[in-house]
>>> print(open('work_38.cif').read())   # mmCIF, C-alpha atoms; chains and numbers go by the auth columns
data_model
loop_
_atom_site.group_PDB
_atom_site.id
_atom_site.type_symbol
_atom_site.label_atom_id
_atom_site.label_comp_id
_atom_site.label_asym_id
_atom_site.label_seq_id
_atom_site.Cartn_x
_atom_site.Cartn_y
_atom_site.Cartn_z
_atom_site.B_iso_or_equiv
_atom_site.auth_seq_id
_atom_site.auth_asym_id
ATOM 1 C CA MET A 1 -10.439 22.240 30.181 0.00 1 A
ATOM 2 C CA PRO A 2 -9.085 23.533 26.853 0.00 2 A
ATOM 3 C CA LYS A 3 -11.127 22.459 23.858 0.00 3 A
ATOM 4 C CA THR A 4 -9.692 21.550 20.482 0.00 4 A
ATOM 5 C CA ALA A 5 -11.810 21.099 17.375 0.00 5 A
ATOM 6 C CA ILE A 6 -10.943 19.424 14.112 0.00 6 A
ATOM 7 C CA CYS A 7 -12.131 21.164 10.956 0.00 7 A
ATOM 8 C CA PRO A 8 -11.836 18.421 8.300 0.00 8 A
ATOM 9 C CA GLY A 9 -12.038 18.654 4.530 0.00 9 A
ATOM 10 C CA SER A 10 -10.216 18.193 1.282 0.00 10 A
ATOM 11 C CA PHE A 11 -9.558 21.956 0.934 0.00 11 A
ATOM 12 C CA ASP A 12 -8.710 21.698 -2.782 0.00 12 A
ATOM 13 C CA PRO A 13 -8.256 24.656 -2.509 0.00 13 A
ATOM 14 C CA ILE A 14 -9.155 26.502 0.666 0.00 14 A
ATOM 15 C CA THR A 15 -11.752 29.244 0.020 0.00 15 A
ATOM 16 C CA TYR A 16 -13.086 32.233 1.914 0.00 16 A
ATOM 17 C CA GLY A 17 -16.030 30.034 2.905 0.00 17 A
ATOM 18 C CA HIS A 18 -13.657 27.595 4.624 0.00 18 A
ATOM 19 C CA LEU A 19 -11.761 30.468 6.205 0.00 19 A
ATOM 20 C CA ASP A 20 -14.985 31.965 7.532 0.00 20 A
ATOM 21 C CA ILE A 21 -15.702 28.760 9.469 0.00 21 A
ATOM 22 C CA ILE A 22 -12.075 28.356 10.614 0.00 22 A
ATOM 23 C CA ARG A 23 -11.788 31.989 11.736 0.00 23 A
ATOM 24 C CA ARG A 24 -15.070 31.932 13.638 0.00 24 A
ATOM 25 C CA GLY A 25 -14.253 28.528 15.115 0.00 25 A
ATOM 26 C CA SER A 26 -10.909 29.859 16.342 0.00 26 A
ATOM 27 C CA LYS A 27 -12.830 32.378 18.458 0.00 27 A
ATOM 28 C CA ILE A 28 -14.860 29.611 20.110 0.00 28 A
ATOM 29 C CA PHE A 29 -12.284 26.848 20.538 0.00 29 A
ATOM 30 C CA ASP A 30 -8.858 27.079 22.153 0.00 30 A
ATOM 31 C CA HIS A 31 -7.296 25.296 19.182 0.00 31 A
ATOM 32 C CA VAL A 32 -8.561 24.381 15.704 0.00 32 A
ATOM 33 C CA ILE A 33 -6.812 21.709 13.653 0.00 33 A
ATOM 34 C CA VAL A 34 -7.548 22.093 9.954 0.00 34 A
ATOM 35 C CA ALA A 35 -7.217 18.490 8.804 0.00 35 A
ATOM 36 C CA VAL A 36 -6.710 17.786 5.107 0.00 36 A
ATOM 37 C CA PHE A 37 -8.236 14.440 4.230 0.00 37 A
ATOM 38 C CA LYS A 38 -7.673 12.599 0.985 0.00 38 A
ATOM 39 C CA ASN A 39 -11.097 12.089 -0.586 0.00 39 A
ATOM 40 C CA GLN A 40 -10.828 8.964 -2.726 0.00 40 A
ATOM 41 C CA SER A 41 -13.831 10.028 -4.824 0.00 41 A
ATOM 42 C CA LYS A 42 -12.142 13.265 -5.932 0.00 42 A
ATOM 43 C CA SER A 43 -9.197 13.946 -8.232 0.00 43 A
ATOM 44 C CA PRO A 44 -7.401 16.818 -6.511 0.00 44 A
ATOM 45 C CA LEU A 45 -5.800 19.702 -8.362 0.00 45 A
ATOM 46 C CA PHE A 46 -3.331 20.360 -5.533 0.00 46 A
ATOM 47 C CA SER A 47 -1.209 17.782 -3.730 0.00 47 A
ATOM 48 C CA VAL A 48 -1.752 17.375 0.005 0.00 48 A
ATOM 49 C CA ASP A 49 1.529 19.200 0.666 0.00 49 A
ATOM 50 C CA GLU A 50 0.447 22.110 -1.546 0.00 50 A
ATOM 51 C CA ARG A 51 -2.918 22.293 0.223 0.00 51 A
ATOM 52 C CA LEU A 52 -1.222 22.297 3.625 0.00 52 A
ATOM 53 C CA GLU A 53 1.049 25.163 2.557 0.00 53 A
ATOM 54 C CA LEU A 54 -1.897 27.182 1.235 0.00 54 A
ATOM 55 C CA ILE A 55 -3.817 26.622 4.485 0.00 55 A
ATOM 56 C CA LYS A 56 -0.796 27.611 6.597 0.00 56 A
ATOM 57 C CA GLU A 57 -0.397 30.801 4.592 0.00 57 A
ATOM 58 C CA ALA A 58 -4.124 31.617 4.680 0.00 58 A
ATOM 59 C CA THR A 59 -4.345 31.092 8.464 0.00 59 A
ATOM 60 C CA ARG A 60 -0.984 32.541 9.517 0.00 60 A
ATOM 61 C CA ASP A 61 -2.745 35.356 11.403 0.00 61 A
ATOM 62 C CA LEU A 62 -4.625 32.823 13.571 0.00 62 A
ATOM 63 C CA PRO A 63 -2.186 31.636 16.269 0.00 63 A
ATOM 64 C CA ASN A 64 -4.506 28.939 17.608 0.00 64 A
ATOM 65 C CA VAL A 65 -4.997 27.271 14.198 0.00 65 A
ATOM 66 C CA SER A 66 -2.753 24.500 12.922 0.00 66 A
ATOM 67 C CA CYS A 67 -3.045 22.147 9.997 0.00 67 A
ATOM 68 C CA ASP A 68 -2.403 18.471 9.520 0.00 68 A
ATOM 69 C CA GLU A 69 -3.181 15.679 7.085 0.00 69 A
ATOM 70 C CA SER A 70 -4.758 12.291 7.460 0.00 70 A
ATOM 71 C CA GLN A 71 -6.227 9.354 5.631 0.00 71 A
ATOM 72 C CA GLY A 72 -8.950 7.022 6.712 0.00 72 A
ATOM 73 C CA LEU A 73 -11.800 7.737 9.064 0.00 73 A
ATOM 74 C CA LEU A 74 -12.178 11.103 10.742 0.00 74 A
ATOM 75 C CA VAL A 75 -13.187 9.498 14.047 0.00 75 A
ATOM 76 C CA ASP A 76 -9.965 7.451 14.081 0.00 76 A
ATOM 77 C CA TYR A 77 -7.955 10.614 13.465 0.00 77 A
ATOM 78 C CA ALA A 78 -9.857 12.419 16.227 0.00 78 A
ATOM 79 C CA LYS A 79 -9.127 9.580 18.680 0.00 79 A
ATOM 80 C CA ARG A 80 -5.414 9.646 17.769 0.00 80 A
ATOM 81 C CA LYS A 81 -5.368 13.408 18.418 0.00 81 A
ATOM 82 C CA ASN A 82 -7.470 13.048 21.591 0.00 82 A
ATOM 83 C CA VAL A 83 -10.048 15.485 20.182 0.00 83 A
ATOM 84 C CA ASP A 84 -13.769 15.066 20.709 0.00 84 A
ATOM 85 C CA VAL A 85 -15.188 17.959 18.647 0.00 85 A
ATOM 86 C CA ILE A 86 -15.571 18.161 14.880 0.00 86 A
ATOM 87 C CA LEU A 87 -16.222 21.596 13.373 0.00 87 A
ATOM 88 C CA ARG A 88 -18.196 21.623 10.124 0.00 88 A
ATOM 89 C CA GLY A 89 -19.617 24.387 7.973 0.00 89 A
ATOM 90 C CA LEU A 90 -23.044 24.376 6.376 0.00 90 A
ATOM 91 C CA ARG A 91 -23.772 26.415 3.267 0.00 91 A
ATOM 92 C CA ALA A 92 -27.341 25.439 2.462 0.00 92 A
ATOM 93 C CA VAL A 93 -30.100 22.984 3.278 0.00 93 A
ATOM 94 C CA SER A 94 -28.584 20.603 0.728 0.00 94 A
ATOM 95 C CA ASP A 95 -25.440 20.337 2.904 0.00 95 A
ATOM 96 C CA PHE A 96 -27.502 19.470 5.958 0.00 96 A
ATOM 97 C CA GLU A 97 -28.724 16.084 4.707 0.00 97 A
ATOM 98 C CA TYR A 98 -25.225 14.939 3.736 0.00 98 A
ATOM 99 C CA GLU A 99 -23.702 16.260 6.970 0.00 99 A
ATOM 100 C CA MET A 100 -26.425 14.612 9.058 0.00 100 A
ATOM 101 C CA GLN A 101 -25.584 11.227 7.506 0.00 101 A
ATOM 102 C CA ILE A 102 -21.864 11.671 8.146 0.00 102 A
ATOM 103 C CA THR A 103 -22.442 12.906 11.691 0.00 103 A
ATOM 104 C CA SER A 104 -24.772 9.992 12.449 0.00 104 A
ATOM 105 C CA MET A 105 -22.178 7.506 11.212 0.00 105 A
ATOM 106 C CA ASN A 106 -19.414 9.216 13.184 0.00 106 A
ATOM 107 C CA ARG A 107 -21.582 9.039 16.302 0.00 107 A
ATOM 108 C CA LYS A 108 -22.258 5.344 15.682 0.00 108 A
ATOM 109 C CA LEU A 109 -18.515 4.707 15.368 0.00 109 A
ATOM 110 C CA GLU A 110 -17.528 6.936 18.304 0.00 110 A
ATOM 111 C CA GLU A 111 -20.338 8.221 20.503 0.00 111 A
ATOM 112 C CA ASP A 112 -18.112 10.595 22.489 0.00 112 A
ATOM 113 C CA ILE A 113 -17.279 12.759 19.479 0.00 113 A
ATOM 114 C CA GLU A 114 -19.586 15.756 18.975 0.00 114 A
ATOM 115 C CA THR A 115 -20.064 17.650 15.728 0.00 115 A
ATOM 116 C CA PHE A 116 -20.394 21.428 15.908 0.00 116 A
ATOM 117 C CA PHE A 117 -22.085 23.015 12.873 0.00 117 A
ATOM 118 C CA MET A 118 -21.699 26.634 11.834 0.00 118 A
ATOM 119 C CA MET A 119 -23.619 28.324 9.076 0.00 119 A
ATOM 120 C CA THR A 120 -21.340 29.939 6.560 0.00 120 A
ATOM 121 C CA ASN A 121 -21.610 33.687 6.094 0.00 121 A
ATOM 122 C CA ASN A 122 -24.281 34.368 3.448 0.00 122 A
ATOM 123 C CA GLN A 123 -21.769 35.985 1.115 0.00 123 A
ATOM 124 C CA HIS A 124 -19.973 32.598 0.885 0.00 124 A
ATOM 125 C CA SER A 125 -23.019 30.319 0.810 0.00 125 A
ATOM 126 C CA PHE A 126 -22.633 29.546 -2.916 0.00 126 A
ATOM 127 C CA LEU A 127 -18.903 28.957 -2.712 0.00 127 A
ATOM 128 C CA SER A 128 -17.176 25.604 -3.154 0.00 128 A
ATOM 129 C CA SER A 129 -13.679 24.550 -4.136 0.00 129 A
ATOM 130 C CA SER A 130 -15.123 22.973 -7.295 0.00 130 A
ATOM 131 C CA ILE A 131 -16.735 26.243 -8.381 0.00 131 A
ATOM 132 C CA VAL A 132 -13.521 28.159 -7.689 0.00 132 A
ATOM 133 C CA LYS A 133 -11.473 25.697 -9.772 0.00 133 A
ATOM 134 C CA GLU A 134 -13.960 25.881 -12.639 0.00 134 A
ATOM 135 C CA VAL A 135 -13.829 29.690 -12.707 0.00 135 A
ATOM 136 C CA ALA A 136 -10.031 29.771 -12.347 0.00 136 A
ATOM 137 C CA LYS A 137 -9.563 27.237 -15.140 0.00 137 A
ATOM 138 C CA TYR A 138 -10.853 29.860 -17.574 0.00 138 A
ATOM 139 C CA GLN A 139 -8.520 32.547 -16.200 0.00 139 A
ATOM 140 C CA SER A 140 -11.321 34.466 -14.479 0.00 140 A
ATOM 141 C CA ASP A 141 -10.517 36.508 -11.404 0.00 141 A
ATOM 142 C CA VAL A 142 -11.096 34.547 -8.165 0.00 142 A
ATOM 143 C CA THR A 143 -9.494 36.987 -5.721 0.00 143 A
ATOM 144 C CA ASP A 144 -12.846 37.699 -4.070 0.00 144 A
ATOM 145 C CA LEU A 145 -13.388 33.951 -3.523 0.00 145 A
ATOM 146 C CA VAL A 146 -9.999 32.826 -2.198 0.00 146 A
ATOM 147 C CA PRO A 147 -6.962 34.364 -0.500 0.00 147 A
ATOM 148 C CA GLU A 148 -4.397 35.963 -2.821 0.00 148 A
ATOM 149 C CA VAL A 149 -1.916 33.119 -2.282 0.00 149 A
ATOM 150 C CA VAL A 150 -4.553 30.623 -3.452 0.00 150 A
ATOM 151 C CA ALA A 151 -5.541 32.757 -6.450 0.00 151 A
ATOM 152 C CA GLU A 152 -1.886 32.869 -7.504 0.00 152 A
ATOM 153 C CA ALA A 153 -1.472 29.115 -7.013 0.00 153 A
ATOM 154 C CA LEU A 154 -4.541 28.507 -9.171 0.00 154 A
ATOM 155 C CA LYS A 155 -3.117 30.734 -11.929 0.00 155 A
ATOM 156 C CA GLN A 156 0.117 28.754 -11.841 0.00 156 A
ATOM 157 C CA LYS A 157 -1.695 25.402 -11.988 0.00 157 A
ATOM 158 C CA TYR A 158 -3.818 26.372 -14.937 0.00 158 A
ATOM 159 C CA ARG A 159 -0.942 27.960 -16.870 0.00 159 A
ATOM 160 C CA SER A 160 0.823 24.627 -17.073 0.00 160 A
#
>>> encode(input="work_38.cif", output="structure tokens")
Amino acid sequence: MPKTAICPGSFDPITYGHLDIIRRGSKIFDHVIVAVFKNQSKSPLFSVDERLELIKEATRDLPNVSCDESQGLLVDYAKRKNVDVILRGLRAVSDFEYEMQITSMNRKLEEDIETFFMMTNNQHSFLSSSIVKEVAKYQSDVTDLVPEVVAEALKQKYRS
């Protein structure tokens, strides 16, 4: 039975840390849906449409990866898509506590959905979209943190 996993996040913007998890997940699962969720507690730099375009460009070499957007609860989205695996990346111990709470709530809401955790490659363990935006805001080079298309999009955003 083919297995699809949802890799959820705000991806504002997508980083090499995200891509590490997506790329490795695409080798394990038949299909990975990168789902852009609107996080109400964050003020995004990029619109959802811009984030989707950046993800599509960054994952164009991965034929079994697609991207989508959603609002609301991840478990509701997973049920609509008939997917029972969530793929999440962990950078450090500090991520584990937060992810454990989210996973426990997801399991309470929908016990048939499993969460699959992958440790991010050590070279990306410090990386977050927030850090990338902070560095890019001051016109520092972020090409070793994000794909070229994202680095260029960040330059454009912070020029205006």
>>> closest_residue(input="work_38.cif", among="A:Tyr16, A:Lys108, A:Ile6, A:Ser140", to="A:Val83", atoms="only C-alpha atoms")
A:Ile6
>>> atom_distance(input="work_38.cif", atom1="atom CA of A:Ile22", atom2="atom CA of A:Cys7")
7.2 Å
>>> closest_residue(input="work_38.cif", among="A:Leu45, A:Val93, A:Met100, A:Ile28", to="A:Val132", atoms="only C-alpha atoms")
A:Leu45
>>> residues_around(input="work_38.cif", residues="A:Glu69", least_positions_apart="4", cutoff="12 Å", atoms="all atoms listed in the file", output="PDB file with C-alpha atoms, keeping the file's coordinate frame")
ATOM      1  CA  ILE A   6     -10.943  19.424  14.112  1.00  0.00           C
ATOM      2  CA  CYS A   7     -12.131  21.164  10.956  1.00  0.00           C
ATOM      3  CA  PRO A   8     -11.836  18.421   8.300  1.00  0.00           C
ATOM      4  CA  GLY A   9     -12.038  18.654   4.530  1.00  0.00           C
ATOM      5  CA  SER A  10     -10.216  18.193   1.282  1.00  0.00           C
ATOM      6  CA  PHE A  11      -9.558  21.956   0.934  1.00  0.00           C
ATOM      7  CA  ILE A  33      -6.812  21.709  13.653  1.00  0.00           C
ATOM      8  CA  VAL A  34      -7.548  22.093   9.954  1.00  0.00           C
ATOM      9  CA  ALA A  35      -7.217  18.490   8.804  1.00  0.00           C
ATOM     10  CA  VAL A  36      -6.710  17.786   5.107  1.00  0.00           C
ATOM     11  CA  PHE A  37      -8.236  14.440   4.230  1.00  0.00           C
ATOM     12  CA  LYS A  38      -7.673  12.599   0.985  1.00  0.00           C
ATOM     13  CA  ASN A  39     -11.097  12.089  -0.586  1.00  0.00           C
ATOM     14  CA  SER A  47      -1.209  17.782  -3.730  1.00  0.00           C
ATOM     15  CA  VAL A  48      -1.752  17.375   0.005  1.00  0.00           C
ATOM     16  CA  ASP A  49       1.529  19.200   0.666  1.00  0.00           C
ATOM     17  CA  GLU A  50       0.447  22.110  -1.546  1.00  0.00           C
ATOM     18  CA  ARG A  51      -2.918  22.293   0.223  1.00  0.00           C
ATOM     19  CA  LEU A  52      -1.222  22.297   3.625  1.00  0.00           C
ATOM     20  CA  GLU A  53       1.049  25.163   2.557  1.00  0.00           C
ATOM     21  CA  ILE A  55      -3.817  26.622   4.485  1.00  0.00           C
ATOM     22  CA  LEU A  73     -11.800   7.737   9.064  1.00  0.00           C
ATOM     23  CA  LEU A  74     -12.178  11.103  10.742  1.00  0.00           C
ATOM     24  CA  TYR A  77      -7.955  10.614  13.465  1.00  0.00           C
ATOM     25  CA  ALA A  78      -9.857  12.419  16.227  1.00  0.00           C
ATOM     26  CA  LYS A  81      -5.368  13.408  18.418  1.00  0.00           C
TER      27      LYS A  81
END
>>> residues_near_point(input="work_38.cif", point="(-18.7, 10.8, 18.2)", cutoff="12 Å", atoms="all atoms listed in the file", output="ChimeraX atom specification")
/A:73-79,82-86,102-116
>>> closest_residue(input="work_38.cif", among="A:Gly89, A:Ala153, A:Gly17, A:Phe117", to="A:Glu57", atoms="only C-alpha atoms")
A:Ala153
>>> atom_distance(input="work_38.cif", atom1="atom CA of A:Asn64", atom2="atom CA of A:Asp12")
22.0 Å
